[in-house]
file model.txt (compact mmCIF, C-alpha atoms)
# COMPACT_ATOMS: atom_id res chain seq x y z
CA MET A 1 -17.11 21.14 -28.80
CA LYS A 2 -16.42 22.53 -25.31
CA LYS A 3 -16.10 18.99 -23.93
CA SER A 4 -13.57 18.13 -26.65
CA ILE A 5 -11.46 21.17 -25.83
CA VAL A 6 -11.47 20.30 -22.12
CA PHE A 7 -10.59 16.70 -23.00
CA LEU A 8 -7.66 17.83 -25.16
CA PHE A 9 -6.50 20.25 -22.46
CA VAL A 10 -6.60 17.58 -19.73
CA ASN A 11 -4.83 15.04 -21.93
CA SER A 12 -2.18 17.66 -22.81
CA LEU A 13 -1.64 18.32 -19.11
CA LEU A 14 -1.43 14.62 -18.36
CA PHE A 15 1.04 14.04 -21.21
CA ALA A 16 3.18 17.05 -20.27
CA SER A 17 3.25 16.06 -16.62
CA SER A 18 4.21 12.48 -17.39
CA CYS A 19 7.08 13.71 -19.56
CA SER A 20 8.38 16.23 -17.06
CA ALA A 21 7.80 14.36 -13.81
CA PRO A 22 11.00 13.81 -11.84
CA THR A 23 12.01 10.19 -11.66
CA ALA A 24 13.70 8.44 -8.78
CA SER A 25 17.05 6.80 -9.41
CA SER A 26 15.66 3.36 -8.51
CA PRO A 27 12.43 1.67 -7.40
CA ILE A 28 13.86 1.39 -3.88
CA ALA A 29 14.60 5.14 -3.75
CA ALA A 30 11.07 5.89 -4.99
CA ILE A 31 9.54 3.64 -2.33
CA GLN A 32 11.71 5.06 0.44
CA ARG A 33 10.60 8.58 -0.51
CA ILE A 34 6.91 7.61 -0.49
CA GLN A 35 7.34 5.72 2.81
CA GLU A 36 8.67 8.89 4.40
CA LEU A 37 5.88 11.05 2.94
CA ALA A 38 3.25 8.56 4.17
CA GLY A 39 4.76 8.45 7.65
CA PHE A 40 5.69 4.78 7.39
CA PRO A 41 8.76 3.70 9.34
CA PRO A 42 11.83 2.76 7.29
CA SER A 43 11.76 -0.94 6.56
CA GLU A 44 13.71 -3.40 4.45
CA LEU A 45 12.14 -3.83 1.02
CA ASN A 46 11.99 -7.10 -0.87
CA TYR A 47 11.25 -7.49 -4.56
CA ILE A 48 8.33 -9.91 -4.96
CA GLU A 49 7.49 -10.03 -8.68
CA THR A 50 6.61 -8.21 -11.86
CA THR A 51 2.85 -8.17 -12.26
CA ASN A 52 -0.02 -6.22 -13.82
CA MET A 53 -1.80 -3.39 -12.04
CA ALA A 54 -5.50 -4.20 -12.27
CA ASN A 55 -6.54 -0.63 -11.38
CA SER A 56 -4.53 0.93 -14.22
CA PRO A 57 -6.37 2.66 -17.07
CA HIS A 58 -6.27 -0.39 -19.34
CA GLY A 59 -5.92 -2.97 -16.55
CA ASP A 60 -2.57 -4.22 -17.78
CA LEU A 61 0.13 -1.80 -16.61
CA GLN A 62 3.27 -3.80 -15.82
CA VAL A 63 4.60 -2.93 -12.37
CA GLU A 64 7.22 -4.24 -10.00
CA LEU A 65 5.90 -5.31 -6.61
CA TYR A 66 7.97 -4.78 -3.47
CA GLN A 67 6.97 -5.54 0.10
CA ASP A 68 8.34 -4.14 3.35
CA GLN A 69 8.86 -6.09 6.56
CA GLU A 70 5.52 -4.91 7.94
CA GLY A 71 3.50 -6.25 5.01
CA ARG A 72 2.99 -3.04 3.04
CA ARG A 73 3.00 -3.62 -0.71
CA PHE A 74 4.42 -1.03 -3.11
CA TYR A 75 3.80 -1.21 -6.85
CA VAL A 76 6.30 0.71 -8.97
CA GLU A 77 6.01 1.58 -12.68
CA PRO A 78 9.56 0.62 -13.77
CA ALA A 79 10.11 3.03 -16.69
CA THR A 80 9.78 6.09 -14.42
CA ASN A 81 10.20 4.51 -10.96
CA THR A 82 6.85 5.98 -9.97
CA VAL A 83 5.04 4.39 -7.02
CA VAL A 84 1.58 3.84 -8.51
CA GLU A 85 0.02 1.88 -5.67
CA ILE A 86 0.44 1.24 -1.96
CA ASP A 87 -1.52 -1.50 -0.21
CA ALA A 88 -0.93 -1.22 3.53
CA ARG A 89 -4.04 -3.04 4.72
CA ASP A 90 -1.94 -5.81 6.26
CA SER A 91 0.50 -3.57 8.15
CA PRO A 92 0.58 -3.70 11.97
CA GLY A 93 -0.81 -0.16 12.35
CA ILE A 94 -4.08 -1.26 10.77
CA ALA A 95 -6.23 -3.58 12.88
CA ARG A 96 -7.78 -6.68 11.30
CA SER A 97 -11.03 -4.75 11.05
CA GLY A 98 -9.23 -2.08 9.03
CA ILE A 99 -9.72 0.59 11.67
CA GLY A 100 -6.69 2.54 12.81
CA THR A 101 -5.44 1.51 16.22
CA SER A 102 -3.56 4.54 17.48
CA GLY A 103 -4.35 8.20 17.97
CA PRO A 104 -7.59 10.11 18.23
CA VAL A 105 -10.42 9.81 15.73
CA LEU A 106 -10.11 12.66 13.21
CA THR A 107 -12.74 14.61 11.33
CA GLN A 108 -13.27 13.99 7.63
CA ALA A 109 -12.01 17.55 6.97
CA ASP A 110 -8.75 16.79 8.81
CA LEU A 111 -8.34 13.53 6.90
CA ALA A 112 -9.04 15.28 3.58
CA SER A 113 -6.38 17.85 4.40
CA ARG A 114 -3.86 15.09 5.20
CA ALA A 115 -4.70 13.24 1.99
CA GLU A 116 -4.26 16.34 -0.16
CA GLU A 117 -1.03 17.28 1.62
CA PHE A 118 0.34 13.80 0.90
CA VAL A 119 -0.70 13.94 -2.77
CA ARG A 120 0.90 17.37 -3.21
CA ALA A 121 4.17 16.05 -1.77
CA ALA A 122 4.07 12.73 -3.66
CA ILE A 123 3.08 14.28 -7.01
CA PRO A 124 4.93 17.60 -7.45
CA GLU A 125 2.86 18.53 -10.52
CA PHE A 126 -0.46 17.95 -8.72
CA SER A 127 -1.20 21.69 -8.44
CA SER A 128 -1.12 22.06 -12.22
CA LEU A 129 -3.17 18.88 -12.75
CA GLN A 130 -5.81 19.50 -10.09
CA ALA A 131 -8.06 21.77 -12.17
CA GLY A 132 -8.51 18.96 -14.72
CA LEU A 133 -9.44 16.38 -12.10
CA ASP A 134 -12.84 15.65 -10.56
CA TYR A 135 -12.64 15.37 -6.76
CA GLU A 136 -14.72 13.06 -4.62
CA ALA A 137 -14.54 12.15 -0.93
CA GLY A 138 -16.26 9.21 0.66
CA GLU A 139 -16.31 7.02 3.72
CA LYS A 140 -17.20 3.50 4.59
CA GLY A 141 -18.70 2.80 8.00
CA GLY A 142 -17.07 5.86 9.56
CA ASP A 143 -13.78 3.96 9.72
CA TYR A 144 -12.38 4.17 6.18
CA PHE A 145 -12.09 7.42 4.26
CA PHE A 146 -11.29 7.74 0.56
CA PHE A 147 -10.19 10.85 -1.29
CA VAL A 148 -10.19 10.53 -5.08
CA TRP A 149 -9.19 12.77 -7.97
CA ARG A 150 -10.26 11.38 -11.39
CA ALA A 151 -9.18 12.56 -14.81
CA ALA A 152 -12.16 14.00 -16.65
CA THR A 153 -12.08 12.19 -19.99
CA ASP A 154 -14.32 10.92 -22.73
CA GLU A 155 -11.83 8.22 -23.64
CA ILE A 156 -12.98 4.73 -22.74
CA TYR A 157 -10.79 3.10 -20.14
CA PHE A 158 -11.08 -0.02 -18.04
CA MET A 159 -10.41 2.34 -15.11
CA PRO A 160 -10.09 6.08 -15.87
CA PRO A 161 -6.80 7.62 -14.60
CA PHE A 162 -7.12 8.55 -10.93
CA ILE A 163 -5.34 9.39 -7.70
CA GLN A 164 -6.75 7.94 -4.48
CA VAL A 165 -5.71 8.02 -0.86
CA GLY A 166 -7.34 5.71 1.69
CA ILE A 167 -6.97 6.69 5.35
CA THR A 168 -8.39 5.24 8.55
CA ASN A 169 -10.42 7.39 10.91
CA ARG A 170 -7.22 7.86 12.94
CA GLY A 171 -5.15 9.14 10.03
CA GLU A 172 -3.25 5.98 9.09
CA MET A 173 -2.82 5.58 5.35
CA PHE A 174 -3.76 2.15 4.07
CA ALA A 175 -4.09 2.76 0.31
CA TYR A 176 -2.71 4.98 -2.43
CA TYR A 177 -3.11 4.91 -6.21
CA ASN A 178 -1.68 7.20 -8.85
CA THR A 179 -2.42 6.37 -12.48
CA VAL A 180 -2.73 10.01 -13.55
CA THR A 181 0.98 10.70 -14.03
CA ILE A 182 2.08 7.44 -15.63
CA PRO A 183 3.00 7.53 -19.31
call {"tool": "encode", "arguments": {"input": "model.txt", "output": "structure tokens"}}
result
Amino acid sequence: MKKSIVFLFVNSLLFASSCSAPTASSPIAAIQRIQELAGFPPSELNYIETTNMANSPHGDLQVELYQDQEGRRFYVEPATNTVVEIDARDSPGIARSGIGTSGPVLTQADLASRAEEFVRAAIPEFSSLQAGLDYEAGEKGGDYFFFVWRAATDEIYFMPPFIQVGITNRGEMFAYYNTVTIP
């Protein structure tokens, strides 16, 4: 019974947050805001296509894909103009090996702090959602760091709702996902 109550509470929070989340006036405005928050330089954005987001809860969320001049890909949920994914692995600031190329190597604690600061700025309702999310931090080879908040749910999903930030050891963001606040 306790698990059901928690499940209902989390789903209520997720529903309420998706209904009350501020929306950008356009996909471009949403991307420009997230570029600034992520510390990416302003760059011309080009619409690429409408596609499905494989990492969405049911694997079929329709999103609009935009790409900047440096190769970063931004996936926007069009009903709310919410940036639900950033793939910056091909941007110039990330070396072919995936390791950041500029700045000092940072501690995992510093990277975790940066990731949470970004999420709080990108998702204004994160503070109210955080208690209903399971947090996990991980690293791959000492070069890639991942900070993940997953919705605690009993519902069966292809991919449970989650927020993830991927950062290199030098603090350069190369990945972001937010499927927690989408309707």
call {"tool": "residues_around", "arguments": {"input": "model.txt", "residues": "Ile167 in chain A", "least_positions_apart": "5", "cutoff": "8 Å", "atoms": "all atoms listed in the file", "output": "list in words"}}
result
Leu111, Ala115, Tyr144, Phe145, Phe146, Glu172, Met173, Phe174 and Ala175 of chain A
call {"tool": "write_last_selection", "arguments": {"input": "model.txt", "atoms": "C-alpha atoms", "output": "mmCIF file, keeping the file's coordinate frame"}}
result
data_model
loop_
_atom_site.group_PDB
_atom_site.id
_atom_site.type_symbol
_atom_site.label_atom_id
_atom_site.label_comp_id
_atom_site.auth_asym_id
_atom_site.auth_seq_id
_atom_site.Cartn_x
_atom_site.Cartn_y
_atom_site.Cartn_z
ATOM 1 C CA LEU A 111 -8.340 13.530 6.900
ATOM 2 C CA ALA A 115 -4.700 13.240 1.990
ATOM 3 C CA TYR A 144 -12.380 4.170 6.180
ATOM 4 C CA PHE A 145 -12.090 7.420 4.260
ATOM 5 C CA PHE A 146 -11.290 7.740 0.560
ATOM 6 C CA GLU A 172 -3.250 5.980 9.090
ATOM 7 C CA MET A 173 -2.820 5.580 5.350
ATOM 8 C CA PHE A 174 -3.760 2.150 4.070
ATOM 9 C CA ALA A 175 -4.090 2.760 0.310
#
call {"tool": "residues_near_point", "arguments": {"input": "model.txt", "point": "(7.2, -2.6, -3.9)", "cutoff": "12 Å", "atoms": "only C-alpha atoms", "output": "mmCIF file with C-alpha atoms, in the coordinates of the input"}}
result
data_model
loop_
_atom_site.group_PDB
_atom_site.id
_atom_site.type_symbol
_atom_site.label_atom_id
_atom_site.label_comp_id
_atom_site.auth_asym_id
_atom_site.auth_seq_id
_atom_site.Cartn_x
_atom_site.Cartn_y
_atom_site.Cartn_z
ATOM 1 C CA SER A 26 15.660 3.360 -8.510
ATOM 2 C CA PRO A 27 12.430 1.670 -7.400
ATOM 3 C CA ILE A 28 13.860 1.390 -3.880
ATOM 4 C CA ALA A 29 14.600 5.140 -3.750
ATOM 5 C CA ALA A 30 11.070 5.890 -4.990
ATOM 6 C CA ILE A 31 9.540 3.640 -2.330
ATOM 7 C CA GLN A 32 11.710 5.060 0.440
ATOM 8 C CA ILE A 34 6.910 7.610 -0.490
ATOM 9 C CA GLN A 35 7.340 5.720 2.810
ATOM 10 C CA SER A 43 11.760 -0.940 6.560
ATOM 11 C CA GLU A 44 13.710 -3.400 4.450
ATOM 12 C CA LEU A 45 12.140 -3.830 1.020
ATOM 13 C CA ASN A 46 11.990 -7.100 -0.870
ATOM 14 C CA TYR A 47 11.250 -7.490 -4.560
ATOM 15 C CA ILE A 48 8.330 -9.910 -4.960
ATOM 16 C CA GLU A 49 7.490 -10.030 -8.680
ATOM 17 C CA THR A 50 6.610 -8.210 -11.860
ATOM 18 C CA THR A 51 2.850 -8.170 -12.260
ATOM 19 C CA VAL A 63 4.600 -2.930 -12.370
ATOM 20 C CA GLU A 64 7.220 -4.240 -10.000
ATOM 21 C CA LEU A 65 5.900 -5.310 -6.610
ATOM 22 C CA TYR A 66 7.970 -4.780 -3.470
ATOM 23 C CA GLN A 67 6.970 -5.540 0.100
ATOM 24 C CA ASP A 68 8.340 -4.140 3.350
ATOM 25 C CA GLN A 69 8.860 -6.090 6.560
ATOM 26 C CA GLY A 71 3.500 -6.250 5.010
ATOM 27 C CA ARG A 72 2.990 -3.040 3.040
ATOM 28 C CA ARG A 73 3.000 -3.620 -0.710
ATOM 29 C CA PHE A 74 4.420 -1.030 -3.110
ATOM 30 C CA TYR A 75 3.800 -1.210 -6.850
ATOM 31 C CA VAL A 76 6.300 0.710 -8.970
ATOM 32 C CA GLU A 77 6.010 1.580 -12.680
ATOM 33 C CA PRO A 78 9.560 0.620 -13.770
ATOM 34 C CA ASN A 81 10.200 4.510 -10.960
ATOM 35 C CA THR A 82 6.850 5.980 -9.970
ATOM 36 C CA VAL A 83 5.040 4.390 -7.020
ATOM 37 C CA VAL A 84 1.580 3.840 -8.510
ATOM 38 C CA GLU A 85 0.020 1.880 -5.670
ATOM 39 C CA ILE A 86 0.440 1.240 -1.960
ATOM 40 C CA ASP A 87 -1.520 -1.500 -0.210
ATOM 41 C CA ALA A 88 -0.930 -1.220 3.530
#
call {"tool": "atom_distance", "arguments": {"input": "model.txt", "atom1": "CA of Phe147 in chain A", "atom2": "CA of Pro183 in chain A"}}
result
22.6 Å
call {"tool": "closest_residue", "arguments": {"input": "model.txt", "among": "A:Tyr177, A:Asn169, A:Gly39, A:Asp134", "to": "Ala109 in chain A", "atoms": "only C-alpha atoms"}}
result
A:Asn169
call {"tool": "atom_distance", "arguments": {"input": "model.txt", "atom1": "CA of Gly132 in chain A", "atom2": "CA of His58 in chain A"}}
result
20.0 Å
call {"tool": "closest_residue", "arguments": {"input": "model.txt", "among": "A:Val180, A:Val165, A:Met53, A:Ala38", "to": "Ala151 in chain A", "atoms": "only C-alpha atoms"}}
result
A:Val180
call {"tool": "closest_residue", "arguments": {"input": "model.txt", "among": "A:Ala79, A:Leu61, A:Leu133, A:Ile123", "to": "Asn178 in chain A", "atoms": "all atoms listed in the file"}}
result
A:Ile123
call {"tool": "closest_residue", "arguments": {"input": "model.txt", "among": "A:Gly103, A:Gly141, A:Pro161, A:Pro57", "to": "Leu129 in chain A", "atoms": "only C-alpha atoms"}}
result
A:Pro161
call {"tool": "closest_residue", "arguments": {"input": "model.txt", "among": "A:Glu36, A:Asp60, A:Ile163, A:Arg170", "to": "Phe126 in chain A", "atoms": "only C-alpha atoms"}}
result
A:Ile163
call {"tool": "atom_distance", "arguments": {"input": "model.txt", "atom1": "CA of Phe158 in chain A", "atom2": "CA of Ile182 in chain A"}}
result
15.3 Å
call {"tool": "closest_residue", "arguments": {"input": "model.txt", "among": "A:Arg120, A:Asp143, A:Glu136, A:Ser25", "to": "Thr80 in chain A", "atoms": "all atoms listed in the file"}}
result
A:Ser25
call {"tool": "decode", "arguments": {"input": "model.txt", "residues": "range 35-51 of chain A", "atoms": "N, CA, C and O atoms", "output": "mmCIF file, in the first residue's frame"}}
result
data_model
loop_
_atom_site.group_PDB
_atom_site.id
_atom_site.type_symbol
_atom_site.label_atom_id
_atom_site.label_comp_id
_atom_site.auth_asym_id
_atom_site.auth_seq_id
_atom_site.Cartn_x
_atom_site.Cartn_y
_atom_site.Cartn_z
ATOM 1 N N GLN A 35 21.078 26.562 -24.334
ATOM 2 C CA GLN A 35 22.469 26.783 -24.752
ATOM 3 C C GLN A 35 23.182 27.691 -23.748
ATOM 4 O O GLN A 35 24.315 27.415 -23.347
ATOM 5 N N GLU A 36 22.511 28.753 -23.366
ATOM 6 C CA GLU A 36 23.091 29.694 -22.409
ATOM 7 C C GLU A 36 23.332 29.023 -21.060
ATOM 8 O O GLU A 36 24.408 29.154 -20.473
ATOM 9 N N LEU A 37 22.333 28.270 -20.572
ATOM 10 C CA LEU A 37 22.475 27.585 -19.283
ATOM 11 C C LEU A 37 23.619 26.565 -19.307
ATOM 12 O O LEU A 37 24.304 26.375 -18.309
ATOM 13 N N ALA A 38 23.807 25.906 -20.447
ATOM 14 C CA ALA A 38 24.844 24.881 -20.574
ATOM 15 C C ALA A 38 26.225 25.476 -20.838
ATOM 16 O O ALA A 38 27.224 24.759 -20.821
ATOM 17 N N GLY A 39 26.271 26.785 -21.094
ATOM 18 C CA GLY A 39 27.551 27.422 -21.378
ATOM 19 C C GLY A 39 28.011 27.237 -22.810
ATOM 20 O O GLY A 39 29.185 27.430 -23.118
ATOM 21 N N PHE A 40 27.085 26.874 -23.691
ATOM 22 C CA PHE A 40 27.417 26.739 -25.106
ATOM 23 C C PHE A 40 27.411 28.128 -25.747
ATOM 24 O O PHE A 40 26.568 28.958 -25.402
ATOM 25 N N PRO A 41 28.292 28.369 -26.694
ATOM 26 C CA PRO A 41 28.266 29.665 -27.369
ATOM 27 C C PRO A 41 27.022 29.778 -28.258
ATOM 28 O O PRO A 41 26.519 28.764 -28.747
ATOM 29 N N PRO A 42 26.524 30.996 -28.442
ATOM 30 C CA PRO A 42 25.389 31.156 -29.364
ATOM 31 C C PRO A 42 25.799 30.650 -30.745
ATOM 32 O O PRO A 42 26.948 30.814 -31.163
ATOM 33 N N SER A 43 24.881 30.014 -31.420
ATOM 34 C CA SER A 43 25.182 29.438 -32.722
ATOM 35 C C SER A 43 23.889 29.333 -33.520
ATOM 36 O O SER A 43 22.823 29.091 -32.954
ATOM 37 N N GLU A 44 24.001 29.511 -34.812
ATOM 38 C CA GLU A 44 22.826 29.383 -35.681
ATOM 39 C C GLU A 44 22.251 27.972 -35.553
ATOM 40 O O GLU A 44 22.992 26.985 -35.505
ATOM 41 N N LEU A 45 20.934 27.895 -35.494
ATOM 42 C CA LEU A 45 20.249 26.608 -35.355
ATOM 43 C C LEU A 45 19.525 26.268 -36.646
ATOM 44 O O LEU A 45 18.880 27.131 -37.247
ATOM 45 N N ASN A 46 19.635 25.023 -37.049
ATOM 46 C CA ASN A 46 18.943 24.550 -38.241
ATOM 47 C C ASN A 46 18.017 23.400 -37.882
ATOM 48 O O ASN A 46 18.433 22.463 -37.189
ATOM 49 N N TYR A 47 16.789 23.505 -38.369
ATOM 50 C CA TYR A 47 15.840 22.402 -38.199
ATOM 51 C C TYR A 47 16.318 21.251 -39.073
ATOM 52 O O TYR A 47 16.631 21.435 -40.250
ATOM 53 N N ILE A 48 16.351 20.042 -38.520
ATOM 54 C CA ILE A 48 16.789 18.864 -39.263
ATOM 55 C C ILE A 48 15.590 18.004 -39.644
ATOM 56 O O ILE A 48 15.386 17.707 -40.818
ATOM 57 N N GLU A 49 14.784 17.598 -38.649
ATOM 58 C CA GLU A 49 13.657 16.720 -38.933
ATOM 59 C C GLU A 49 12.798 16.525 -37.695
ATOM 60 O O GLU A 49 13.193 16.857 -36.588
ATOM 61 N N THR A 50 11.623 15.966 -37.911
ATOM 62 C CA THR A 50 10.799 15.470 -36.814
ATOM 63 C C THR A 50 11.093 13.986 -36.714
ATOM 64 O O THR A 50 11.116 13.280 -37.727
ATOM 65 N N THR A 51 11.350 13.527 -35.500
ATOM 66 C CA THR A 51 11.764 12.147 -35.293
ATOM 67 C C THR A 51 11.201 11.638 -33.965
ATOM 68 O O THR A 51 10.502 12.365 -33.277
#
